[in-house]
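Undergrad: Here you go, structure_32.tsv (TSV, C-alpha atoms):
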chain	number	residue	atom	x	y	z
R	1	MET	CA	45.21	149.05	138.11
R	2	GLU	CA	46.25	145.60	139.27
R	3	GLU	CA	49.84	144.60	139.99
R	4	ILE	CA	51.53	141.42	141.18
R	5	LEU	CA	52.02	141.33	144.95
R	6	ASN	CA	55.76	140.89	145.31
R	7	ILE	CA	57.25	138.41	147.78
R	8	GLU	CA	60.97	139.03	148.04
R	9	GLN	CA	63.53	136.24	148.34
R	10	LYS	CA	64.63	137.55	151.74
R	11	GLU	CA	61.07	136.98	153.01
R	12	ILE	CA	61.10	133.40	151.72
R	13	ASP	CA	64.50	132.74	153.28
R	14	TYR	CA	63.33	134.19	156.59
R	15	LEU	CA	60.22	131.99	156.73
R	16	LYS	CA	62.17	128.86	155.78
R	17	ALA	CA	64.76	129.49	158.48
R	18	LYS	CA	62.09	129.91	161.15
R	19	ASP	CA	60.37	126.53	160.80
R	20	LYS	CA	61.03	123.35	158.82
R	21	ARG	CA	57.29	122.86	158.30
R	22	MET	CA	57.04	126.27	156.67
R	23	SER	CA	60.11	125.49	154.59
R	24	ASP	CA	58.49	122.26	153.38
R	25	LEU	CA	55.24	124.11	152.64
R	26	ILE	CA	57.04	126.75	150.57
R	27	GLU	CA	58.91	124.05	148.63
R	28	LYS	CA	55.66	122.19	147.98
R	29	ILE	CA	53.75	125.26	146.76
R	30	GLY	CA	56.50	127.12	144.96
R	31	LYS	CA	56.07	130.69	143.75
R	32	ILE	CA	52.78	132.41	144.61
R	33	LYS	CA	51.13	134.86	142.25
R	34	ARG	CA	48.60	137.15	143.94
R	35	ILE	CA	47.09	140.42	142.76
R	36	CYS	CA	47.62	143.76	144.49
R	37	ILE	CA	45.59	146.95	143.87
R	38	PRO	CA	47.74	149.92	144.89
R	39	GLU	CA	44.99	152.53	144.35
R	40	PRO	CA	43.41	152.64	147.84
R	41	PHE	CA	39.83	153.64	147.01
R	42	THR	CA	39.52	150.94	144.36
R	43	ALA	CA	41.02	148.39	146.76
R	44	LEU	CA	38.62	149.28	149.58
R	45	CYS	CA	35.61	149.10	147.26
R	46	ARG	CA	36.77	145.72	146.03
R	47	ASN	CA	37.24	144.44	149.59
R	48	ILE	CA	33.67	145.46	150.44
R	49	VAL	CA	32.27	143.77	147.32
R	50	TYR	CA	34.18	140.56	148.09
R	51	GLN	CA	33.03	140.31	151.72
R	52	GLN	CA	31.55	136.85	152.52
R	53	LEU	CA	31.41	135.74	148.89
R	54	SER	CA	33.18	133.04	146.92
R	55	SER	CA	35.84	134.37	144.57
R	56	GLN	CA	33.86	133.29	141.53
R	57	ALA	CA	30.68	135.09	142.59
R	58	ALA	CA	32.57	138.18	143.74
R	59	ASP	CA	34.58	138.38	140.50
R	60	SER	CA	31.37	138.53	138.48
R	61	ILE	CA	29.78	141.19	140.70
R	62	TRP	CA	32.96	143.27	140.69
R	63	VAL	CA	33.03	143.35	136.87
R	64	ASN	CA	29.32	144.22	136.69
R	65	PHE	CA	29.72	146.93	139.34
R	66	ASN	CA	32.55	148.61	137.42
R	67	ASN	CA	30.58	148.42	134.18
R	68	LYS	CA	27.69	150.32	135.78
R	69	LEU	CA	29.93	153.29	136.61
R	70	SER	CA	31.59	155.68	134.21
R	71	GLU	CA	34.54	155.73	136.62
R	72	LEU	CA	35.18	154.27	140.06
R	73	THR	CA	35.18	157.38	142.26
R	74	PRO	CA	33.39	158.38	145.47
R	75	ALA	CA	31.22	160.87	143.57
R	76	ALA	CA	30.25	158.30	140.94
R	77	ILE	CA	29.16	155.78	143.58
R	78	ILE	CA	27.07	158.29	145.51
R	79	SER	CA	25.34	159.53	142.35
R	80	ALA	CA	24.66	156.02	141.03
R	81	LYS	CA	21.09	154.73	141.19
R	82	LYS	CA	20.59	152.03	143.79
R	83	SER	CA	18.58	149.98	141.28
R	84	GLU	CA	21.54	149.99	138.89
R	85	LEU	CA	23.93	148.80	141.61
R	86	LYS	CA	21.48	146.08	142.66
R	87	ALA	CA	21.32	144.97	139.04
R	88	ALA	CA	25.09	144.50	139.19
R	89	GLY	CA	24.54	141.94	141.96
R	90	LEU	CA	25.24	144.08	145.01
R	91	SER	CA	23.12	143.66	148.12
R	92	GLU	CA	21.46	146.71	149.64
R	93	ARG	CA	23.78	146.43	152.63
R	94	LYS	CA	26.91	146.50	150.49
R	95	ILE	CA	25.57	149.46	148.53
R	96	ASP	CA	25.20	151.29	151.85
R	97	TYR	CA	28.76	150.30	152.81
R	98	LEU	CA	30.13	151.63	149.52
R	99	ASN	CA	28.23	154.89	150.04
R	100	ASN	CA	29.59	155.15	153.59
R	101	LEU	CA	33.14	154.75	152.29
R	102	SER	CA	32.56	157.29	149.51
R	103	GLU	CA	31.13	159.88	151.92
R	104	ALA	CA	34.05	159.37	154.33
R	105	VAL	CA	36.50	160.10	151.51
R	106	LEU	CA	34.59	163.13	150.19
R	107	ASN	CA	34.20	164.57	153.71
R	108	ASN	CA	37.90	164.04	154.47
R	109	GLN	CA	37.00	161.72	157.33
R	110	LEU	CA	39.29	159.25	155.55
R	111	LYS	CA	42.35	160.86	153.96
R	112	LEU	CA	43.60	158.24	151.55
R	113	SER	CA	46.75	160.20	150.71
R	114	LYS	CA	47.86	160.00	154.35
R	115	LEU	CA	47.54	156.22	154.77
R	116	GLY	CA	51.10	155.56	153.65
R	117	GLU	CA	52.39	157.57	156.60
R	118	MET	CA	50.40	155.62	159.21
R	119	THR	CA	51.16	152.41	161.08
R	120	ASP	CA	49.16	149.25	160.42
R	121	GLN	CA	47.21	149.64	163.64
R	122	GLU	CA	46.47	153.32	163.00
R	123	ILE	CA	45.09	152.44	159.55
R	124	ILE	CA	42.90	149.69	161.00
R	125	GLU	CA	41.54	152.03	163.67
R	126	GLN	CA	40.82	154.69	161.05
R	127	LEU	CA	39.07	152.32	158.65
R	128	ILE	CA	36.85	150.48	161.13
R	129	LYS	CA	35.19	153.79	162.05
R	130	ILE	CA	33.42	153.53	158.69
R	131	LYS	CA	30.34	151.30	158.85
R	132	GLY	CA	30.89	148.37	156.53
R	133	ILE	CA	34.63	148.11	157.04
R	134	GLY	CA	35.52	145.67	159.78
R	135	ARG	CA	38.90	144.53	160.97
R	136	TRP	CA	39.15	141.75	158.35
R	137	THR	CA	38.47	144.18	155.49
R	138	ALA	CA	41.05	146.57	156.90
R	139	GLU	CA	43.63	143.79	157.22
R	140	MET	CA	43.03	142.65	153.63
R	141	PHE	CA	43.50	146.27	152.55
R	142	LEU	CA	46.86	146.37	154.33
R	143	ILE	CA	47.97	143.24	152.46
R	144	PHE	CA	46.45	143.64	149.00
R	145	SER	CA	46.69	147.41	148.53
R	146	LEU	CA	49.38	148.84	150.76
R	147	ALA	CA	51.52	145.66	150.54
R	148	ARG	CA	52.38	145.83	154.22
R	149	LYS	CA	54.80	143.05	155.16
R	150	ASN	CA	53.70	141.89	158.61
R	151	VAL	CA	49.93	141.27	158.47
R	152	ILE	CA	48.01	138.12	159.36
R	153	SER	CA	44.30	137.97	160.19
R	154	PHE	CA	42.73	135.88	162.95
R	155	ASN	CA	39.38	136.93	161.45
R	156	ASP	CA	40.08	135.05	158.22
R	157	LEU	CA	38.66	131.51	158.05
R	158	GLY	CA	41.27	130.38	155.52
R	159	ILE	CA	44.06	131.50	157.85
R	160	ARG	CA	42.53	129.71	160.85
R	161	LYS	CA	41.98	126.52	158.85
R	162	GLY	CA	45.52	126.73	157.49
R	163	ILE	CA	47.07	127.15	160.94
R	164	GLN	CA	44.93	124.29	162.24
R	165	TRP	CA	46.41	122.07	159.54
R	166	PHE	CA	49.93	123.48	159.98
R	167	TYR	CA	50.07	122.41	163.63
R	168	GLY	CA	47.90	119.29	163.21
R	169	LEU	CA	45.21	120.59	165.60
R	170	LYS	CA	41.86	118.85	166.05
R	171	ASN	CA	40.02	122.19	166.06
R	172	GLU	CA	40.58	125.69	164.73
R	173	PRO	CA	43.39	127.46	166.60
R	174	SER	CA	42.70	129.43	169.74
R	175	LYS	CA	44.02	132.97	169.94
R	176	ARG	CA	46.96	131.53	171.88
R	177	TYR	CA	47.93	129.26	168.98
R	178	PHE	CA	47.33	132.06	166.51
R	179	LYS	CA	49.70	134.33	168.46
R	180	LYS	CA	52.26	131.51	168.56
R	181	PHE	CA	52.19	131.35	164.76
R	182	ARG	CA	52.15	135.13	164.34
R	183	ASN	CA	55.06	135.65	166.72
R	184	LYS	CA	57.15	132.95	165.05
R	185	PHE	CA	56.92	134.59	161.62
R	186	SER	CA	56.72	138.20	162.79
R	187	THR	CA	58.39	140.65	160.40
R	188	TYR	CA	57.04	138.77	157.36
R	189	ASN	CA	53.59	137.53	158.40
R	190	THR	CA	52.10	138.68	155.10
R	191	ALA	CA	54.21	136.18	153.17
R	192	ALA	CA	53.33	133.52	155.76
R	193	SER	CA	49.64	134.35	155.25
R	194	LEU	CA	49.93	133.91	151.49
R	195	TYR	CA	51.39	130.42	151.91
R	196	ILE	CA	48.89	129.44	154.61
R	197	TRP	CA	46.01	130.47	152.31
R	198	GLU	CA	47.36	128.07	149.69
R	199	VAL	CA	46.83	125.12	152.07
R	200	THR	CA	43.08	125.14	151.50
R	201	THR	CA	43.24	126.67	148.01
R	202	GLN	CA	45.34	123.71	146.80
R	203	ASN	CA	43.51	121.19	149.03
R	204	LEU	CA	46.71	120.22	150.84
R	205	ASP	CA	44.64	119.74	153.99
R	206	GLN	CA	42.75	116.97	152.17
R	207	ILE	CA	45.96	115.19	151.14
R	208	PHE	CA	48.22	115.62	154.18
R	209	LYS	CA	47.08	115.54	157.80
R	210	SER	CA	49.47	118.34	158.75
R	211	ALA	CA	52.59	120.15	157.59
R	212	GLU	CA	54.63	117.37	159.21
R	213	GLU	CA	53.51	115.01	156.42
R	214	LEU	CA	54.64	117.18	153.52
R	215	THR	CA	57.93	115.28	153.31
R	216	THR	CA	59.12	111.90	154.53
R	217	ASP	CA	62.44	110.11	154.89
R	218	ASN	CA	60.66	106.75	154.67
R	219	LYS	CA	60.70	104.52	151.61
R	220	VAL	CA	57.36	104.72	149.80
R	221	VAL	CA	55.53	102.86	147.05
R	222	TYR	CA	51.93	102.84	145.85
R	223	TYR	CA	49.71	99.88	145.07
R	224	ASP	CA	46.54	100.09	142.98
R	225	SER	CA	44.11	97.82	144.81
R	226	PRO	CA	40.52	96.97	143.83
R	227	ILE	CA	39.36	99.32	146.59
R	228	GLY	CA	41.64	102.27	146.01
R	229	LEU	CA	45.21	103.51	145.93
R	230	ILE	CA	47.31	102.19	148.83
R	231	GLU	CA	50.38	104.02	150.11
R	232	ILE	CA	52.95	101.74	151.77
R	233	GLN	CA	55.81	103.15	153.85
R	234	THR	CA	58.78	101.37	155.42
R	235	ASP	CA	61.40	102.57	157.86
R	236	ARG	CA	64.68	100.74	158.50
R	237	GLY	CA	63.55	97.49	156.99
R	238	LYS	CA	60.12	97.33	158.62
R	239	LEU	CA	56.62	98.13	157.42
R	240	LEU	CA	55.57	101.38	159.10
R	241	SER	CA	52.26	102.31	157.51
R	242	LEU	CA	49.70	101.26	154.93
R	243	ASN	CA	46.94	103.72	154.12
R	244	PHE	CA	44.44	104.48	151.41
R	245	GLN	CA	45.14	107.76	149.62
R	246	GLU	CA	43.45	109.74	146.87
R	247	VAL	CA	46.74	110.69	145.17
R	248	LYS	CA	50.40	109.73	145.21
R	249	ARG	CA	51.87	112.08	147.81
R	250	TYR	CA	55.56	111.22	147.64
R	251	PRO	CA	58.16	110.03	145.11
R	252	GLU	CA	58.33	106.23	144.94
R	253	GLU	CA	61.46	104.29	145.85
R	254	GLU	CA	60.88	100.56	145.77
R	255	THR	CA	62.95	98.32	148.06
R	256	ALA	CA	63.03	94.54	148.42
R	257	LEU	CA	60.60	94.74	151.36
R	258	LEU	CA	58.19	97.02	149.52
R	259	SER	CA	58.29	94.70	146.52
R	260	ILE	CA	57.43	91.74	148.79
R	261	ALA	CA	54.61	93.75	150.39
R	262	LYS	CA	53.10	94.50	146.97
R	263	ASP	CA	53.38	90.84	145.96
R	264	GLN	CA	51.60	89.74	149.13
R	265	LEU	CA	48.85	92.32	148.59
R	266	ASN	CA	48.41	90.97	145.06
R	267	GLU	CA	48.00	87.47	146.48
R	268	TYR	CA	45.56	88.70	149.13
R	269	PHE	CA	43.32	90.51	146.67
R	270	ARG	CA	43.35	87.47	144.36
R	271	GLY	CA	42.14	85.36	147.30
R	272	LYS	CA	45.39	83.38	147.43
R	273	ARG	CA	46.84	84.72	150.71
R	274	LYS	CA	45.21	84.53	154.12
R	275	GLU	CA	48.07	85.82	156.29
R	276	PHE	CA	50.76	88.40	155.68
R	277	ASP	CA	54.39	87.68	156.50
R	278	LEU	CA	56.01	91.09	156.83
R	279	PRO	CA	58.21	92.70	159.54
R	280	LEU	CA	56.13	95.40	161.24
R	281	LYS	CA	57.18	98.53	163.08
R	282	LEU	CA	54.49	99.23	165.68
R	283	GLU	CA	54.41	102.76	167.06
R	284	GLY	CA	51.97	103.29	169.92
R	285	THR	CA	51.34	102.72	173.61
R	286	ASP	CA	51.82	99.31	175.22
R	287	PHE	CA	48.03	98.90	175.33
R	288	GLN	CA	47.64	99.76	171.65
R	289	LYS	CA	50.40	97.32	170.71
R	290	SER	CA	48.70	94.57	172.72
R	291	VAL	CA	45.47	95.20	170.80
R	292	TRP	CA	47.21	95.19	167.41
R	293	LYS	CA	49.01	91.94	168.21
R	294	GLN	CA	45.67	90.40	169.15
R	295	LEU	CA	44.14	91.57	165.87
R	296	LEU	CA	46.83	89.62	164.04
R	297	LYS	CA	45.42	86.46	165.65
R	298	ILE	CA	41.89	86.93	164.28
R	299	PRO	CA	41.51	84.25	161.58
R	300	TYR	CA	40.96	85.18	157.94
R	301	GLY	CA	37.24	85.33	157.22
R	302	ASP	CA	36.30	85.56	160.91
R	303	THR	CA	35.32	88.55	163.07
R	304	PHE	CA	35.70	89.50	166.73
R	305	SER	CA	33.70	92.10	168.61
R	306	TYR	CA	35.48	94.93	170.42
R	307	LYS	CA	34.45	93.22	173.65
R	308	GLU	CA	35.95	89.90	172.56
R	309	VAL	CA	39.25	91.60	171.72
R	310	ALA	CA	39.25	93.24	175.17
R	311	GLU	CA	38.63	89.86	176.80
R	312	ALA	CA	41.38	88.24	174.73
R	313	ILE	CA	43.94	90.73	176.07
R	314	GLU	CA	42.55	90.16	179.60
R	315	ASN	CA	41.17	93.66	179.97
R	316	ASN	CA	37.43	92.96	179.88
R	317	LYS	CA	36.20	96.52	180.38
R	318	ALA	CA	38.50	98.11	177.83
R	319	TYR	CA	36.33	97.56	174.75
R	320	ARG	CA	36.04	101.31	174.11
R	321	ALA	CA	39.81	101.64	174.33
R	322	VAL	CA	40.06	98.74	171.89
R	323	GLY	CA	38.00	100.80	169.45
R	324	ASN	CA	40.37	103.74	169.90
R	325	ALA	CA	43.37	101.46	169.31
R	326	ASN	CA	41.70	100.25	166.11
R	327	ASN	CA	41.43	103.85	164.94
R	328	LYS	CA	45.14	104.39	165.64
R	329	ASN	CA	46.20	101.35	163.62
R	330	SER	CA	48.56	102.70	160.95
R	331	ILE	CA	48.89	99.35	159.13
R	332	PRO	CA	45.29	98.35	158.37
R	333	LEU	CA	44.70	95.28	156.21
R	334	ILE	CA	48.02	93.81	157.37
R	335	ILE	CA	46.88	94.27	160.97
R	336	PRO	CA	43.26	93.33	160.20
R	337	CYS	CA	41.23	95.85	162.19
R	338	HIS	CA	38.51	95.38	159.56
R	339	ARG	CA	37.75	92.06	161.29
R	340	VAL	CA	36.53	93.81	164.45
R	341	THR	CA	32.80	94.53	164.56
R	342	ALA	CA	30.26	95.76	167.11
R	343	SER	CA	28.72	93.38	169.67
R	344	ASN	CA	25.20	94.19	168.47
R	345	GLY	CA	25.92	92.66	165.08
R	346	LYS	CA	26.50	95.96	163.29
R	347	ILE	CA	29.62	96.29	161.21
R	348	GLY	CA	31.12	99.18	163.20
R	349	GLY	CA	33.36	101.95	161.91
R	350	TYR	CA	36.46	101.87	159.75
R	351	GLY	CA	38.88	104.73	159.20
R	352	ALA	CA	39.25	103.99	155.48
R	353	GLY	CA	35.48	103.94	154.99
R	354	VAL	CA	32.82	101.44	156.01
R	355	TRP	CA	32.32	100.47	152.36
R	356	ARG	CA	35.90	99.19	152.27
R	357	LYS	CA	35.36	97.23	155.48
R	358	LYS	CA	32.28	95.57	153.98
R	359	TRP	CA	34.22	94.77	150.80
R	360	LEU	CA	37.12	93.18	152.73
R	361	LEU	CA	34.87	91.04	154.91
R	362	LYS	CA	32.87	89.88	151.88
R	363	HIS	CA	36.11	89.16	149.99
R	364	GLU	CA	37.47	87.03	152.81
R	365	LYS	CA	34.22	85.10	153.26
R	366	ALA	CA	34.17	84.33	149.55
R	367	ASN	CA	37.74	83.00	149.56
R	368	LEU	CA	37.74	80.80	152.68
Take the structure in this file and express it as structure tokens.

TA:
Amino acid sequence: MEEILNIEQKEIDYLKAKDKRMSDLIEKIGKIKRICIPEPFTALCRNIVYQQLSSQAADSIWVNFNNKLSELTPAAIISAKKSELKAAGLSERKIDYLNNLSEAVLNNQLKLSKLGEMTDQEIIEQLIKIKGIGRWTAEMFLIFSLARKNVISFNDLGIRKGIQWFYGLKNEPSKRYFKKFRNKFSTYNTAASLYIWEVTTQNLDQIFKSAEELTTDNKVVYYDSPIGLIEIQTDRGKLLSLNFQEVKRYPEEETALLSIAKDQLNEYFRGKRKEFDLPLKLEGTDFQKSVWKQLLKIPYGDTFSYKEVAEAIENNKAYRAVGNANNKNSIPLIIPCHRVTASNGKIGGYGAGVWRKKWLLKHEKANL
């Protein structure tokens, strides 16, 4: 029988108090509804069936598997014909795993009635003795059957991807970073896990670069351009960022400066404006700022190579660093990094997509 996995308010309050990023994540996601299966044998069977499958595929197999049995018991699984279980969608390996579990229960190798008296680690050690139950399966059992409060799994891809996003890491977290996260939210790591899973489930990692971006104190508006939705942010009366986004990420609050920025973008896309006249807030190294200021000097409709930009800032060998500075430009279009191309005549890269770079260059050529 399924139940709702309960997250208590004291767990939410604890997580929020530990880290602002987690607090913002909880506010963004809201209440989580996840299913718990208190009956341990059913839960373990389900965990085995769901191993390395998408939820949709596993849901179908789980229903078919239950329909093949008169009741879900160790004896019923052992007596079931392998052909019938295969017809339900189970692989031969998973059928063996389910039989191993059933035999362990019938032989009292695994005493399900005693699990409630054991620590998390003792349960894991007991379960992984059964072939087909690894550490991940045991950890999911702790969460989604026994409702243990302090479980998080390094073996879970969704958790690793979520932590990578949470901290804004380039790669999946090392065990050191994982322990950092686990230690921070220790006592209620299960609740933390549930929210971290939602990062990829709700595609937050595709909308925000990290948890730091979930909220902003900046003023924000959106502009529907011919080449996609543009998010414009200002801070203290200066333009801070301009980026293409798939969705509107923040509430809009138009200011005089943001209104002017939208008007100038309108003029640019109509071919009526060749230079922008906006106060800019540049955040970067001295070298990056020197590159961005040079980009502002590239005439409308013209292009410079990375090498030519390096020469213009009197740092002839720094053309690769110029490319990196281009990638760090947070105000593209206004600071026209799209006008920088490769020396070999190729168009070069563009963070917002090469197709947009081609469109902008063609647009400017057509409106000289």

Undergrad: Show me, as a list in words, the residues that have an atom within 9 Å of Trp292 of chain R when counting all atoms listed in the file, minus same-chain residues fewer than 5 positions from it.

TA: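 So the residues in contact are Leu282, Phe287, Ala325, Asn326, Asn329, Ile335, Pro336 and Cys337 of chain R.
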
Undergrad: Looking at R:Ile232, R:Leu53, R:Val340, R:Ala321, which one is nearest to Ala261 of chain R, with distances taken over only C-alpha atoms?

TA: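 Between R:Ile232, R:Leu53, R:Val340, R:Ala321, the residue approaching Ala261 of chain R most closely is R:Ile232.
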
Undergrad: Hey, what's within 10 Å of Glu103 of chain R if we count only C-alpha atoms and toss same-chain stuff fewer than 4 positions away? As a ChimeraX atom specification, please?

TA: /R:74-75,77-78,97-99,107-110,130

Undergrad: May I ask for the distance between atom CA of Gly158 of chain R and atom CA of Ile7 of chain R, given in Å to one decimal place?

TA: 19.5 Å

Undergrad: How many Å separate atom CA of Gly349 of chain R from atom CA of Lys317 of chain R?

TA: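 Rounded to one decimal, the two atoms are 19.5 Å apart.
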